[in-house]
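J.: Below are the structure tokens for one structure; questions will follow.
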Amino acid sequence: MADKVKIIKGFQDVVPPLSLAYSRLEDAARSVFERFGFQEIRLPVLERTELFARGIGEGTDIVEKEMYTFPDRRGRSLSLRPEGTASVVRAYVQSDLGKGEPARWYYRGPMFRYERPQKGRYRQFYQIGAEAIGLPGPGTDGEVVTMLDRFFKEAGVKGVRLEINSLGCGKCRPAYRAALIAYLEKRREDLCEDCARRMVRNPLRVLDCKVEGCRSAVKAAPLVLDFLDDDCREHFEGLKGDLDAAGVDYSVNPLIVRGLDYYTRTVFEALADDGLGSQNAVGAGGRYDGLVEEFGGPPTPAIGFAVGVERLAMLAGETALAPPRFFIIASGEKPREEGIRLLARLRDEGVSAAMLTDGAGKSFKAQMKAAARSGALEAIIIGEDEIKSGEYTVKNMKDGVQRKISGTSPEFFAGANNNPEEQG
Ligand code: HAM
């Protein structure tokens, strides 16, 4: 046998039944997001490197060391997208709406980051994201966070808590930054190498460093919420009020800073309590009021989030395809033909059905065994007798009780309503 071709480290196949969990999450997202007025946008996976460098920020971990970047045949620097927000904003600016008109878009698909692979962290992973562009008020923030909460509920994801914070704006954040740098300078020796280096350029990142020394060093650090100006404070209070009114459970965590440079004001994270170890962030987002302008559009506010599908699928646990409603058993050439006809009709009518179509010559017993293995509720038995009488034998796979039903009976096509459990 030839050598097997290997997959790249950190990339993974999503094979059934796990892929089913992915589809379910995407279905729930579509259903909830559309109710909130969001429409799907499909984006390229490859962009000019400059887009991410300018959007996410030159000094961020993602841009500094996590992008898959390479020149194309003409020597242009391209990168596989590490996230979707920068592409959404580029697409918005290039679209007809890009004059500051509101847009509500969602997306899903693979993202790529050259991170150290571990449980819940991959180099190719899937996100589902949503972005609301064009409205500045806290009402939009409230809707977006509520939509995330309702997505978790509809997708059956339990044990996730929502934490919110405000990072202030271009007017009030500089004073906070200065206060934080002054505080950190006094504790420089306690910080890890990374934090000591980024302390001046990106002091907020020190607040969410996982290294123990940094965690205790920032315990008494000044908090951004104490530095918000009146407008930012009012915005944050407005968001909290709307979340309360919509019945969303959340808490305020003043240490959330996020690892991407584009955020202003509202930021939030969704964290799983158990089951995911250290990679427990299942989703995150925030407001980025400066990004549209950064990409050449008019000043346009925006807010959005993205969830990690791998992590959510791990929380969702086992998923399996529902067993077929019917399993058709046919012996002989004519019955097989009749069986194929019925199989096609059932499936056309939306009823799930199976049959050993490749089982030419397979004994009745072998087909019965396959029916039992499939988990079907009922077997439809078609033999020469059934062809003659025009009535099929229908056998309940649980209790073995058999009955005769006319081949043209509407009972076969009543789908879910035709559940033998509910009969009699
Ligand atoms: P992010 O926090 O970088 O934000 O990623 C969002 C989610 O993607 C994370 O919470 C996590 O569940 C998942 N994720 C990130 N990296 C990996 C990985 N290597 N393996 C598996 N899952 C991962 C963003 O991407 C922003 N674009 C969110 C946003 C949208 N902000 C505003 N709009």
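How things are named: the first chain in the structure tokens is A, the next is B, and so on; residues count from 1 in each chain; ligands count from 1 in the order shown.
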6 Å from ligand 1 is the threshold here; counting only C-alpha atoms and all ligand atoms, which polymer residues fall inside it? Answer as a PyMOL selection string.

T.: chain A and resi 83-85+113+120-123+125+127+131+281-286+303-308

J.: Let's have the selection written as a PDB file, in the first residue's frame, with N, CA and C atoms.

T.:
ATOM      1  N   GLU A  83      -9.702  36.090  11.173  1.00  0.00           N
ATOM      2  CA  GLU A  83     -11.006  36.437  11.754  1.00  0.00           C
ATOM      3  C   GLU A  83     -11.840  37.078  10.646  1.00  0.00           C
ATOM      4  N   GLY A  84     -13.096  37.405  10.930  1.00  0.00           N
ATOM      5  CA  GLY A  84     -13.980  37.875   9.872  1.00  0.00           C
ATOM      6  C   GLY A  84     -14.296  39.360   9.862  1.00  0.00           C
ATOM      7  N   THR A  85     -14.080  40.038  10.997  1.00  0.00           N
ATOM      8  CA  THR A  85     -14.543  41.426  11.110  1.00  0.00           C
ATOM      9  C   THR A  85     -13.882  42.363  10.091  1.00  0.00           C
ATOM     10  N   ARG A 113      -5.233  30.611  12.289  1.00  0.00           N
ATOM     11  CA  ARG A 113      -4.260  31.292  13.146  1.00  0.00           C
ATOM     12  C   ARG A 113      -3.144  30.322  13.481  1.00  0.00           C
ATOM     13  N   GLY A 120      -9.181  22.576  22.030  1.00  0.00           N
ATOM     14  CA  GLY A 120      -9.977  23.785  21.828  1.00  0.00           C
ATOM     15  C   GLY A 120      -9.265  24.881  21.067  1.00  0.00           C
ATOM     16  N   ARG A 121      -7.992  24.613  20.660  1.00  0.00           N
ATOM     17  CA  ARG A 121      -7.284  25.644  19.888  1.00  0.00           C
ATOM     18  C   ARG A 121      -6.645  24.996  18.667  1.00  0.00           C
ATOM     19  N   TYR A 122      -7.041  25.445  17.519  1.00  0.00           N
ATOM     20  CA  TYR A 122      -6.584  24.837  16.268  1.00  0.00           C
ATOM     21  C   TYR A 122      -6.061  25.912  15.341  1.00  0.00           C
ATOM     22  N   ARG A 123      -5.385  25.465  14.279  1.00  0.00           N
ATOM     23  CA  ARG A 123      -4.845  26.438  13.320  1.00  0.00           C
ATOM     24  C   ARG A 123      -5.867  26.734  12.233  1.00  0.00           C
ATOM     25  N   PHE A 125      -9.954  26.809  12.308  1.00  0.00           N
ATOM     26  CA  PHE A 125     -11.128  26.635  13.156  1.00  0.00           C
ATOM     27  C   PHE A 125     -12.287  27.394  12.533  1.00  0.00           C
ATOM     28  N   GLN A 127     -15.677  29.841  12.732  1.00  0.00           N
ATOM     29  CA  GLN A 127     -16.406  30.858  13.501  1.00  0.00           C
ATOM     30  C   GLN A 127     -17.770  31.087  12.871  1.00  0.00           C
ATOM     31  N   GLU A 131     -22.183  41.132  12.503  1.00  0.00           N
ATOM     32  CA  GLU A 131     -21.732  42.518  12.642  1.00  0.00           C
ATOM     33  C   GLU A 131     -22.897  43.452  12.299  1.00  0.00           C
ATOM     34  N   ALA A 281     -13.137  30.375  26.241  1.00  0.00           N
ATOM     35  CA  ALA A 281     -13.893  31.459  25.604  1.00  0.00           C
ATOM     36  C   ALA A 281     -14.599  30.886  24.379  1.00  0.00           C
ATOM     37  N   VAL A 282     -15.920  30.866  24.427  1.00  0.00           N
ATOM     38  CA  VAL A 282     -16.663  30.306  23.281  1.00  0.00           C
ATOM     39  C   VAL A 282     -17.113  31.402  22.328  1.00  0.00           C
ATOM     40  N   GLY A 283     -16.978  32.656  22.733  1.00  0.00           N
ATOM     41  CA  GLY A 283     -17.360  33.731  21.831  1.00  0.00           C
ATOM     42  C   GLY A 283     -16.925  35.057  22.419  1.00  0.00           C
ATOM     43  N   ALA A 284     -16.814  36.055  21.549  1.00  0.00           N
ATOM     44  CA  ALA A 284     -16.381  37.358  22.030  1.00  0.00           C
ATOM     45  C   ALA A 284     -16.695  38.413  20.983  1.00  0.00           C
ATOM     46  N   GLY A 285     -16.740  39.653  21.445  1.00  0.00           N
ATOM     47  CA  GLY A 285     -17.005  40.706  20.475  1.00  0.00           C
ATOM     48  C   GLY A 285     -16.939  42.071  21.112  1.00  0.00           C
ATOM     49  N   GLY A 286     -17.426  43.063  20.373  1.00  0.00           N
ATOM     50  CA  GLY A 286     -17.422  44.409  20.897  1.00  0.00           C
ATOM     51  C   GLY A 286     -17.648  45.423  19.804  1.00  0.00           C
ATOM     52  N   ILE A 303     -20.678  47.224  15.662  1.00  0.00           N
ATOM     53  CA  ILE A 303     -20.457  46.288  16.774  1.00  0.00           C
ATOM     54  C   ILE A 303     -20.769  44.872  16.299  1.00  0.00           C
ATOM     55  N   GLY A 304     -20.059  43.891  16.841  1.00  0.00           N
ATOM     56  CA  GLY A 304     -20.330  42.504  16.440  1.00  0.00           C
ATOM     57  C   GLY A 304     -19.665  41.515  17.354  1.00  0.00           C
ATOM     58  N   PHE A 305     -19.783  40.247  16.997  1.00  0.00           N
ATOM     59  CA  PHE A 305     -19.137  39.182  17.784  1.00  0.00           C
ATOM     60  C   PHE A 305     -18.858  37.987  16.883  1.00  0.00           C
ATOM     61  N   ALA A 306     -18.057  37.066  17.402  1.00  0.00           N
ATOM     62  CA  ALA A 306     -17.876  35.777  16.729  1.00  0.00           C
ATOM     63  C   ALA A 306     -17.809  34.686  17.782  1.00  0.00           C
ATOM     64  N   VAL A 307     -18.367  33.524  17.451  1.00  0.00           N
ATOM     65  CA  VAL A 307     -18.268  32.367  18.357  1.00  0.00           C
ATOM     66  C   VAL A 307     -17.392  31.308  17.697  1.00  0.00           C
ATOM     67  N   GLY A 308     -16.748  30.492  18.532  1.00  0.00           N
ATOM     68  CA  GLY A 308     -15.882  29.414  18.051  1.00  0.00           C
ATOM     69  C   GLY A 308     -16.674  28.114  17.981  1.00  0.00           C
TER      70      GLY A 308
END

J.: Write out as a PyMOL selection string each polymer residue whose atoms come within 10 Å of Ile381 (chain A), counting only C-alpha atoms; drop sequence neighbours fewer than 4 positions from it.

T.: chain A and resi 327-331+335+339+364+367-368+386+391-395+402+404

J.: Per DSSP on the backbone, what are the alpha helix (DSSP H) residues of region 71-308 of chain A, as a ChimeraX atom specification?

T.: /A:85-94,138-154,173-185,193-198,212-217,230-245,291-294

J.: Which of these residues is nearest to Thr140 (chain A), using only C-alpha atoms: A:Arg74, A:Arg341, A:Arg104, A:Arg347?

T.: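 Using only C-alpha atoms, Thr140 (chain A) sits closest to A:Arg104.
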
J.: DSSP on the backbone, strand (DSSP E or B) only: what residues of region 107-333 of chain A does that give? Format it as a short mmCIF file (atom, residue, chain, number, x, y, z; two decimals) with N, CA and C atoms, in the first residue's frame.

T.:
data_model
loop_
_atom_site.label_atom_id
_atom_site.label_comp_id
_atom_site.auth_asym_id
_atom_site.auth_seq_id
_atom_site.Cartn_x
_atom_site.Cartn_y
_atom_site.Cartn_z
N TYR A 107 -21.84 35.82 9.17
CA TYR A 107 -20.97 34.98 8.33
C TYR A 107 -20.58 33.74 9.11
N ARG A 108 -20.11 32.76 8.40
CA ARG A 108 -19.60 31.57 9.07
C ARG A 108 -18.54 30.98 8.16
N GLY A 109 -17.63 30.24 8.73
CA GLY A 109 -16.59 29.63 7.91
C GLY A 109 -15.28 29.52 8.64
N PRO A 110 -14.29 28.95 7.96
CA PRO A 110 -13.00 28.71 8.60
C PRO A 110 -12.16 29.96 8.74
N MET A 111 -11.42 30.02 9.85
CA MET A 111 -10.44 31.08 10.12
C MET A 111 -9.11 30.37 10.38
N PHE A 112 -8.01 31.11 10.27
CA PHE A 112 -6.69 30.47 10.36
C PHE A 112 -5.77 31.28 11.26
N GLN A 118 -3.77 22.94 20.74
CA GLN A 118 -4.10 22.22 21.97
C GLN A 118 -5.60 22.03 22.00
N ARG A 121 -7.99 24.61 20.66
CA ARG A 121 -7.28 25.64 19.89
C ARG A 121 -6.64 25.00 18.67
N GLN A 124 -6.73 25.78 11.95
CA GLN A 124 -7.94 26.11 11.18
C GLN A 124 -9.11 25.82 12.11
N PHE A 125 -9.95 26.81 12.31
CA PHE A 125 -11.13 26.64 13.16
C PHE A 125 -12.29 27.39 12.53
N TYR A 126 -13.49 27.08 12.97
CA TYR A 126 -14.68 27.71 12.39
C TYR A 126 -15.27 28.75 13.32
N GLN A 127 -15.68 29.84 12.73
CA GLN A 127 -16.41 30.86 13.50
C GLN A 127 -17.77 31.09 12.87
N ILE A 128 -18.71 31.50 13.71
CA ILE A 128 -19.96 32.10 13.23
C ILE A 128 -19.95 33.50 13.82
N GLY A 129 -20.11 34.50 12.97
CA GLY A 129 -20.01 35.87 13.47
C GLY A 129 -21.13 36.74 12.95
N ALA A 130 -21.33 37.87 13.60
CA ALA A 130 -22.37 38.81 13.17
C ALA A 130 -21.87 40.23 13.42
N GLU A 131 -22.18 41.13 12.50
CA GLU A 131 -21.73 42.52 12.64
C GLU A 131 -22.90 43.45 12.30
N ALA A 132 -23.16 44.41 13.19
CA ALA A 132 -24.19 45.43 12.93
C ALA A 132 -23.48 46.75 12.70
N ILE A 133 -23.55 47.24 11.48
CA ILE A 133 -22.79 48.44 11.10
C ILE A 133 -23.75 49.61 10.92
N VAL A 160 -22.86 28.65 29.92
CA VAL A 160 -22.04 29.74 29.37
C VAL A 160 -22.45 31.04 30.05
N ARG A 161 -21.44 31.81 30.54
CA ARG A 161 -21.79 33.10 31.13
C ARG A 161 -21.28 34.23 30.26
N LEU A 162 -22.04 35.33 30.29
CA LEU A 162 -21.69 36.49 29.47
C LEU A 162 -21.09 37.57 30.36
N GLU A 163 -19.95 38.08 29.97
CA GLU A 163 -19.31 39.16 30.73
C GLU A 163 -19.13 40.36 29.81
N ILE A 164 -19.45 41.53 30.36
CA ILE A 164 -19.34 42.75 29.55
C ILE A 164 -18.43 43.77 30.22
N ASN A 165 -17.93 44.68 29.41
CA ASN A 165 -17.08 45.75 29.93
C ASN A 165 -17.13 46.91 28.93
N SER A 166 -16.60 48.05 29.33
CA SER A 166 -16.43 49.15 28.37
C SER A 166 -14.97 49.57 28.38
N SER A 251 -22.65 39.53 33.63
CA SER A 251 -22.01 40.23 34.72
C SER A 251 -20.98 41.20 34.13
N VAL A 252 -20.60 42.19 34.92
CA VAL A 252 -19.61 43.17 34.46
C VAL A 252 -18.24 42.68 34.91
N THR A 264 -13.73 49.78 20.70
CA THR A 264 -14.03 51.01 21.42
C THR A 264 -15.28 50.74 22.26
N ARG A 265 -15.37 51.35 23.40
CA ARG A 265 -16.55 51.18 24.28
C ARG A 265 -16.84 49.70 24.58
N THR A 266 -18.06 49.25 24.25
CA THR A 266 -18.51 47.92 24.68
C THR A 266 -17.62 46.77 24.21
N VAL A 267 -17.22 45.90 25.13
CA VAL A 267 -16.60 44.62 24.77
C VAL A 267 -17.27 43.53 25.61
N PHE A 268 -17.29 42.32 25.11
CA PHE A 268 -17.91 41.23 25.87
C PHE A 268 -17.31 39.89 25.50
N GLU A 269 -17.45 38.94 26.42
CA GLU A 269 -16.96 37.58 26.19
C GLU A 269 -17.97 36.59 26.71
N ALA A 270 -18.02 35.43 26.06
CA ALA A 270 -18.87 34.33 26.53
C ALA A 270 -17.95 33.21 26.96
N LEU A 271 -18.07 32.80 28.22
CA LEU A 271 -17.14 31.82 28.77
C LEU A 271 -17.87 30.58 29.27
N ALA A 272 -17.30 29.42 28.97
CA ALA A 272 -17.92 28.17 29.42
C ALA A 272 -17.35 27.82 30.79
N ALA A 281 -13.14 30.37 26.24
CA ALA A 281 -13.89 31.46 25.60
C ALA A 281 -14.60 30.89 24.38
N VAL A 282 -15.92 30.87 24.43
CA VAL A 282 -16.66 30.31 23.28
C VAL A 282 -17.11 31.40 22.33
N GLY A 283 -16.98 32.66 22.73
CA GLY A 283 -17.36 33.73 21.83
C GLY A 283 -16.92 35.06 22.42
N ALA A 284 -16.81 36.05 21.55
CA ALA A 284 -16.38 37.36 22.03
C ALA A 284 -16.70 38.41 20.98
N GLY A 285 -16.74 39.65 21.44
CA GLY A 285 -17.01 40.71 20.48
C GLY A 285 -16.94 42.07 21.11
N GLY A 286 -17.43 43.06 20.37
CA GLY A 286 -17.42 44.41 20.90
C GLY A 286 -17.65 45.42 19.80
N ARG A 287 -17.61 46.69 20.24
CA ARG A 287 -17.85 47.81 19.33
C ARG A 287 -16.53 48.25 18.71
N ALA A 302 -19.92 50.60 14.60
CA ALA A 302 -20.27 49.20 14.35
C ALA A 302 -19.99 48.35 15.59
N ILE A 303 -20.68 47.22 15.66
CA ILE A 303 -20.46 46.29 16.77
C ILE A 303 -20.77 44.87 16.30
N GLY A 304 -20.06 43.89 16.84
CA GLY A 304 -20.33 42.50 16.44
C GLY A 304 -19.66 41.52 17.35
N PHE A 305 -19.78 40.25 17.00
CA PHE A 305 -19.14 39.18 17.78
C PHE A 305 -18.86 37.99 16.88
N ALA A 306 -18.06 37.07 17.40
CA ALA A 306 -17.88 35.78 16.73
C ALA A 306 -17.81 34.69 17.78
N VAL A 307 -18.37 33.52 17.45
CA VAL A 307 -18.27 32.37 18.36
C VAL A 307 -17.39 31.31 17.70
N GLY A 308 -16.75 30.49 18.53
CA GLY A 308 -15.88 29.41 18.05
C GLY A 308 -16.67 28.11 17.98
N PHE A 326 -38.77 4.78 8.26
CA PHE A 326 -39.09 3.45 7.70
C PHE A 326 -37.84 2.78 7.16
N PHE A 327 -37.83 1.44 7.20
CA PHE A 327 -36.79 0.68 6.50
C PHE A 327 -37.52 -0.29 5.57
N ILE A 328 -37.24 -0.19 4.29
CA ILE A 328 -37.97 -1.02 3.32
C ILE A 328 -37.23 -2.32 3.08
N ILE A 329 -37.97 -3.41 3.18
CA ILE A 329 -37.39 -4.73 2.97
C ILE A 329 -38.07 -5.37 1.76
N ALA A 330 -37.31 -5.67 0.73
CA ALA A 330 -37.93 -6.18 -0.49
C ALA A 330 -37.18 -7.42 -0.96
#

J.: Which residues, written as a ChimeraX atom specification, have at least one atom at most 8 Å from Pro298 (chain A), with only C-alpha atoms counted and residues fewer than 2 positions away on the same chain left out?

T.: /A:98-100,292-293,296,300

J.: Give me the residues within 12 Å of Lys171 (chain A) as a VMD selection string, counting only C-alpha atoms and dropping any in the same chain fewer than 3 places off.

T.: chain A and resid 167 to 168 174 to 177 227 to 232 264 to 265

J.: Dump C-alpha atoms for the selected residues as a PDB file, in the first residue's frame?

T.:
ATOM      1  CA  LEU A 167     -13.022  50.215  27.083  1.00  0.00           C
ATOM      2  CA  GLY A 168     -14.005  53.852  26.728  1.00  0.00           C
ATOM      3  CA  PRO A 174      -5.665  57.942  26.944  1.00  0.00           C
ATOM      4  CA  ALA A 175      -6.016  59.038  30.582  1.00  0.00           C
ATOM      5  CA  TYR A 176      -6.710  55.452  31.611  1.00  0.00           C
ATOM      6  CA  ARG A 177      -3.772  54.189  29.564  1.00  0.00           C
ATOM      7  CA  PHE A 227     -12.065  56.487  33.802  1.00  0.00           C
ATOM      8  CA  LEU A 228     -15.067  56.532  31.413  1.00  0.00           C
ATOM      9  CA  ASP A 229     -16.222  59.993  30.368  1.00  0.00           C
ATOM     10  CA  ASP A 230     -19.902  60.924  30.691  1.00  0.00           C
ATOM     11  CA  ASP A 231     -20.888  59.734  27.192  1.00  0.00           C
ATOM     12  CA  CYS A 232     -19.148  56.391  27.556  1.00  0.00           C
ATOM     13  CA  THR A 264     -14.031  51.009  21.422  1.00  0.00           C
ATOM     14  CA  ARG A 265     -16.545  51.175  24.280  1.00  0.00           C
TER      15      ARG A 265
END
